[in-house]
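Coordinates as given in run-v3.tsv (TSV, C-alpha atoms):
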```tsv
chain	number	residue	atom	x	y	z
E	242	MET	CA	154.76	26.76	58.70
E	243	ASP	CA	153.19	30.08	57.75
E	244	ASP	CA	149.46	30.51	58.25
E	245	PHE	CA	147.20	33.38	57.16
E	246	ARG	CA	143.54	33.56	58.03
E	247	ILE	CA	140.46	35.71	58.15
E	248	THR	CA	138.04	34.15	60.60
E	249	THR	CA	134.86	34.79	62.54
E	250	ASP	CA	136.13	32.49	65.30
E	251	ARG	CA	137.62	33.73	68.55
E	252	LEU	CA	141.41	34.04	68.21
E	253	GLU	CA	143.22	31.63	70.52
E	254	GLU	CA	146.76	32.96	70.87
E	255	ALA	CA	148.23	29.73	72.26
E	256	ALA	CA	146.89	27.71	69.33
E	257	ILE	CA	148.28	30.21	66.80
E	258	ILE	CA	151.72	30.17	68.47
E	259	ALA	CA	151.81	26.37	68.74
E	260	GLY	CA	154.31	24.79	66.37
E	261	ALA	CA	155.55	28.11	64.97
E	262	ALA	CA	159.15	27.50	66.06
E	263	GLY	CA	161.21	25.06	64.05
E	264	VAL	CA	164.39	23.37	65.32
E	265	ARG	CA	166.56	26.29	64.15
E	266	ASP	CA	164.43	28.95	65.84
E	267	GLY	CA	165.37	30.47	69.16
E	268	ALA	CA	162.65	33.13	69.34
E	269	VAL	CA	158.91	33.37	68.90
E	270	VAL	CA	157.28	36.80	69.17
E	271	ALA	CA	153.49	37.03	69.33
E	272	PHE	CA	151.48	40.22	69.15
E	273	SER	CA	147.76	40.45	69.93
E	274	GLY	CA	145.71	43.48	68.99
E	275	VAL	CA	142.93	43.72	71.55
E	276	VAL	CA	139.72	45.74	71.49
E	277	ARG	CA	140.08	48.73	73.85
E	278	GLY	CA	137.16	49.66	76.08
E	279	ARG	CA	137.78	53.36	75.50
E	280	ASN	CA	138.59	55.24	72.30
E	281	LEU	CA	138.68	59.02	71.73
E	282	GLY	CA	137.12	59.53	75.14
E	283	ARG	CA	134.16	57.29	74.36
E	284	ARG	CA	133.13	54.07	76.03
E	285	VAL	CA	133.38	51.37	73.38
E	286	LEU	CA	130.70	48.66	73.44
E	287	HIS	CA	132.13	46.39	70.73
E	288	LEU	CA	133.66	46.48	67.24
E	289	GLU	CA	132.39	44.97	64.02
E	290	TYR	CA	135.07	44.02	61.46
E	291	GLU	CA	134.64	43.53	57.73
E	292	ALA	CA	137.28	42.25	55.29
E	293	TYR	CA	137.77	41.80	51.57
E	294	GLU	CA	138.64	38.21	52.27
E	295	ALA	CA	139.79	37.18	48.80
E	296	MET	CA	142.38	39.97	48.88
E	297	ALA	CA	143.27	40.01	52.58
E	298	VAL	CA	144.95	36.61	52.60
E	299	PRO	CA	147.19	37.37	49.56
E	300	VAL	CA	148.07	40.72	51.18
E	301	PHE	CA	149.06	38.88	54.39
E	302	GLU	CA	151.22	36.55	52.27
E	303	ARG	CA	152.97	39.49	50.60
E	304	ILE	CA	153.53	41.24	53.96
E	305	ALA	CA	155.06	38.04	55.33
E	306	GLU	CA	157.28	37.54	52.30
E	307	ALA	CA	158.57	41.11	52.56
E	308	ALA	CA	159.33	40.60	56.27
E	309	ARG	CA	161.10	37.34	55.53
E	310	SER	CA	163.43	38.88	52.96
E	311	ARG	CA	164.07	42.01	55.05
E	312	PHE	CA	164.62	40.41	58.47
E	313	GLY	CA	165.48	36.81	57.59
E	314	VAL	CA	162.77	35.38	59.84
E	315	ALA	CA	161.48	31.83	59.39
E	316	THR	CA	157.76	31.65	60.12
E	317	VAL	CA	155.06	34.31	59.94
E	318	ARG	CA	151.44	33.80	60.95
E	319	ILE	CA	148.69	36.40	60.69
E	320	HIS	CA	145.13	35.75	61.87
E	321	HIS	CA	142.56	38.53	61.68
E	322	ARG	CA	139.10	38.21	63.10
E	323	ILE	CA	135.98	39.60	61.41
E	324	GLY	CA	132.41	40.10	62.61
E	325	ARG	CA	131.60	41.24	66.12
E	326	VAL	CA	134.54	41.43	68.53
E	327	GLU	CA	133.99	42.29	72.18
E	328	VAL	CA	136.10	44.57	74.37
E	329	GLY	CA	139.11	42.63	75.66
E	330	GLU	CA	139.06	40.10	72.83
E	331	ALA	CA	141.83	39.87	70.24
E	332	SER	CA	141.00	41.16	66.74
E	333	VAL	CA	144.38	40.27	65.26
E	334	VAL	CA	147.30	38.01	66.17
E	335	VAL	CA	150.75	38.12	64.54
E	336	VAL	CA	153.33	35.43	65.29
E	337	VAL	CA	156.92	35.47	64.04
E	338	ALA	CA	159.52	32.77	64.65
E	339	SER	CA	163.21	33.32	64.00
E	340	GLY	CA	166.69	32.16	64.92
E	341	HIS	CA	167.20	35.11	67.25
E	342	ARG	CA	164.98	37.55	69.12
E	343	GLY	CA	166.06	40.78	67.44
E	344	ALA	CA	164.81	39.81	64.01
E	345	ALA	CA	161.63	38.29	65.47
E	346	PHE	CA	160.75	41.51	67.37
E	347	ASP	CA	161.56	43.73	64.39
E	348	ALA	CA	159.64	41.59	61.93
E	349	ALA	CA	156.58	41.27	64.19
E	350	ARG	CA	156.45	45.06	64.54
E	351	ARG	CA	156.84	45.54	60.82
E	352	VAL	CA	154.23	42.92	59.93
E	353	MET	CA	151.67	44.45	62.30
E	354	ASP	CA	152.35	47.97	60.99
E	355	GLU	CA	151.88	46.74	57.43
E	356	VAL	CA	148.64	44.94	58.32
E	357	LYS	CA	147.30	48.24	59.65
E	358	ARG	CA	148.55	50.14	56.61
E	359	ILE	CA	147.39	47.95	53.73
E	360	ALA	CA	145.27	44.93	54.75
E	361	PRO	CA	141.75	45.36	53.30
E	362	VAL	CA	139.99	45.22	56.67
E	363	TRP	CA	137.66	47.78	58.24
E	364	LYS	CA	136.14	48.23	61.65
E	365	ARG	CA	132.95	49.86	62.81
E	366	GLU	CA	133.04	51.10	66.36
E	367	TYR	CA	129.88	50.81	68.44
E	368	PHE	CA	130.13	53.18	71.35
E	369	GLU	CA	127.76	54.61	73.93
E	370	GLY	CA	125.57	56.92	71.88
E	371	GLY	CA	126.31	55.78	68.33
E	372	ASP	CA	128.48	53.95	65.85
E	373	VAL	CA	131.01	54.98	63.24
E	374	TRP	CA	133.30	53.48	60.60
E	375	VAL	CA	136.89	53.93	61.70
E	376	GLU	CA	139.11	55.20	58.89
E	377	GLY	CA	142.85	54.65	58.83
E	378	PRO	CA	145.43	56.69	56.92
E	379	LYS	CA	143.73	58.79	54.23
E	380	GLU	CA	146.49	58.42	51.67
E	381	PRO	CA	145.45	55.94	48.93
E	382	VAL	CA	147.52	52.75	49.02
E	383	THR	CA	149.57	51.75	46.03
E	384	GLU	CA	151.50	49.15	48.08
G	52	MET	CA	130.78	40.05	23.73
G	53	SER	CA	133.56	40.47	26.30
G	54	ARG	CA	133.12	39.46	29.91
G	55	PRO	CA	131.86	42.11	32.32
G	56	VAL	CA	133.92	43.76	35.06
G	57	THR	CA	132.96	42.96	38.66
G	58	VAL	CA	133.10	46.04	40.87
G	59	LEU	CA	133.29	45.59	44.65
G	60	LEU	CA	132.87	48.20	47.39
G	61	PHE	CA	133.50	47.82	51.09
G	62	ALA	CA	132.64	49.32	54.46
G	63	ALA	CA	131.57	52.99	54.34
G	64	ALA	CA	131.84	53.09	50.52
G	65	ARG	CA	129.57	50.05	50.23
G	66	GLU	CA	127.01	51.78	52.43
G	67	ALA	CA	127.26	55.03	50.45
G	68	CYS	CA	126.68	53.07	47.22
G	69	GLY	CA	123.85	50.97	48.62
G	70	THR	CA	125.44	47.78	47.32
G	71	GLY	CA	128.80	46.03	47.54
G	72	ARG	CA	128.83	44.38	44.12
G	73	ILE	CA	128.03	45.65	40.64
G	74	GLU	CA	128.75	44.16	37.22
G	75	ILE	CA	129.52	46.62	34.48
G	76	PRO	CA	130.20	46.03	30.77
G	77	HIS	CA	133.80	46.26	29.64
G	78	ARG	CA	134.78	48.68	26.92
G	79	GLU	CA	138.03	49.29	25.11
G	80	GLY	CA	140.41	51.61	26.97
G	81	LEU	CA	138.54	51.35	30.29
G	82	THR	CA	140.51	52.55	33.35
G	83	ALA	CA	139.92	52.21	37.09
G	84	ALA	CA	139.44	55.97	37.33
G	85	ALA	CA	136.74	55.90	34.64
G	86	VAL	CA	134.89	53.14	36.49
G	87	TRP	CA	135.02	55.21	39.70
G	88	GLU	CA	133.78	58.34	37.93
G	89	GLY	CA	130.88	56.32	36.53
G	90	LEU	CA	130.00	55.11	40.03
G	91	VAL	CA	130.11	58.64	41.43
G	92	ARG	CA	127.76	59.86	38.68
G	93	GLU	CA	125.28	57.12	39.65
G	94	LYS	CA	125.77	57.54	43.41
G	95	PRO	CA	126.93	61.08	44.27
G	96	ALA	CA	127.42	60.08	47.93
G	97	LEU	CA	130.57	58.26	46.78
G	98	GLU	CA	132.22	61.57	45.90
G	99	ALA	CA	133.24	61.86	49.58
G	100	PHE	CA	135.66	58.96	48.98
G	101	SER	CA	137.22	60.20	45.73
G	102	ARG	CA	140.41	61.51	47.33
G	103	THR	CA	140.99	58.66	49.76
G	104	VAL	CA	139.83	55.51	47.99
G	105	SER	CA	142.42	52.84	47.17
G	106	ILE	CA	141.90	50.62	44.14
G	107	ALA	CA	142.65	46.91	43.80
G	108	ARG	CA	142.54	45.03	40.52
G	109	ASN	CA	142.40	41.26	40.93
G	110	HIS	CA	143.53	41.57	44.58
G	111	ARG	CA	146.51	43.87	43.94
G	112	PHE	CA	146.68	47.60	44.57
G	113	VAL	CA	146.86	49.59	41.35
G	114	PRO	CA	147.12	53.28	40.48
G	115	ARG	CA	144.02	55.14	39.35
G	116	ASP	CA	145.01	55.11	35.69
G	117	ALA	CA	145.33	51.31	35.64
G	118	ALA	CA	143.78	49.58	32.63
G	119	VAL	CA	140.79	47.35	33.32
G	120	GLU	CA	140.44	44.11	31.35
G	121	PRO	CA	137.36	41.98	30.68
G	122	GLY	CA	136.58	39.70	33.62
G	123	ASP	CA	138.57	41.78	36.11
G	124	GLU	CA	137.55	42.15	39.74
G	125	LEU	CA	137.95	45.82	40.58
G	126	ALA	CA	137.61	46.84	44.23
G	127	PHE	CA	137.31	50.31	45.71
G	128	LEU	CA	138.60	50.42	49.27
G	129	PRO	CA	137.99	53.26	51.72
G	130	PRO	CA	140.88	53.93	54.14
G	131	VAL	CA	141.55	50.61	55.85
G	132	SER	CA	141.28	50.26	59.62
G	133	GLY	CA	142.18	46.69	60.47
G	134	GLY	CA	144.13	45.59	63.50
```
As structure tokens, the full file:
Amino acid sequence: MDDFRITTDRLEEAAIIAGAAGVRDGAVVAFSGVVRGRNLGRRVLHLEYEAYEAMAVPVFERIAEAARSRFGVATVRIHHRIGRVEVGEASVVVVVASGHRGAAFDAARRVMDEVKRIAPVWKREYFEGGDVWVEGPKEPVTE
Amino acid sequence: MSRPVTVLLFAAAREACGTGRIEIPHREGLTAAAVWEGLVREKPALEAFSRTVSIARNHRFVPRDAAVEPGDELAFLPPVSGG
């Protein structure tokens, strides 16, 4: 069963993976994006995420549907955390289940790349000496 | 009278505007670009986002010349940085 969430709760990878594989699936790939303690030579204290929640979940659904038709995978789950996230904690978890590992790896990579490209989520980096909004690709998205 | 348009701004654009939510009256022939230009006139700090902002109408990305209908939710999104 697919599952798409924006949450302020800590992401528990094991719980998100649980039950992803159906009887026909031979592969589950899980990716966790974790807050790095260093970025651009600065010591990162924590990140603060903001999302356009009403749009983020439908965008996750569309990303998953595109991955399903392109790679033939079965289940896609995307959980993105918002609010304050500490160094070492996961900010995003992507889980893909499929019949075979190749499609699961490819789809998980694609889903995560698409989340970074188009999901309406932003992070503010708090580092030693200041804080700044992080901006992704500058090209406007038309999806 | 037709329903207003709800305009949403996020992250750095929300801060530059001073608010994340504005209701504006709808008028015939209104486009997303015209709404943005109106915002920039009110809040010149938003001009910094003019070249990079993405636009979503009712939770779907649209081009700048997209028509805006009464009751629409129109969101202006600075470059996203999730993950």
TODO: Check every residue of chain E for an atom within 10 Å of chain G, counting only C-alpha atoms, and provide those that qualify as a PyMOL selection string.
DONE: chain E and resi 273-276+290-300+321-323+331-334+353-365+373-384
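Taking atom CA of Asp372 of chain E and atom CA of Val91 of chain G as endpoints, the distance between them is 24.9 Å.
Taking atom CA of Glu79 of chain G and atom CA of Pro55 of chain G as the two end points, the separation is 11.9 Å.
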Task: Residue neighbourhood Gly89 of chain G, 12 Å, only C-alpha atoms, exclusion window fewer than 5 positions, as a ChimeraX atom specification - done: /G:58,68,73,75-76,81-84,94-95,97-98,101
TODO: In Å, rounded to a single decimal, give me how far atom CA of Arg318 of chain E is from atom CA of Asp244 of chain E.
DONE: 4.7 Å
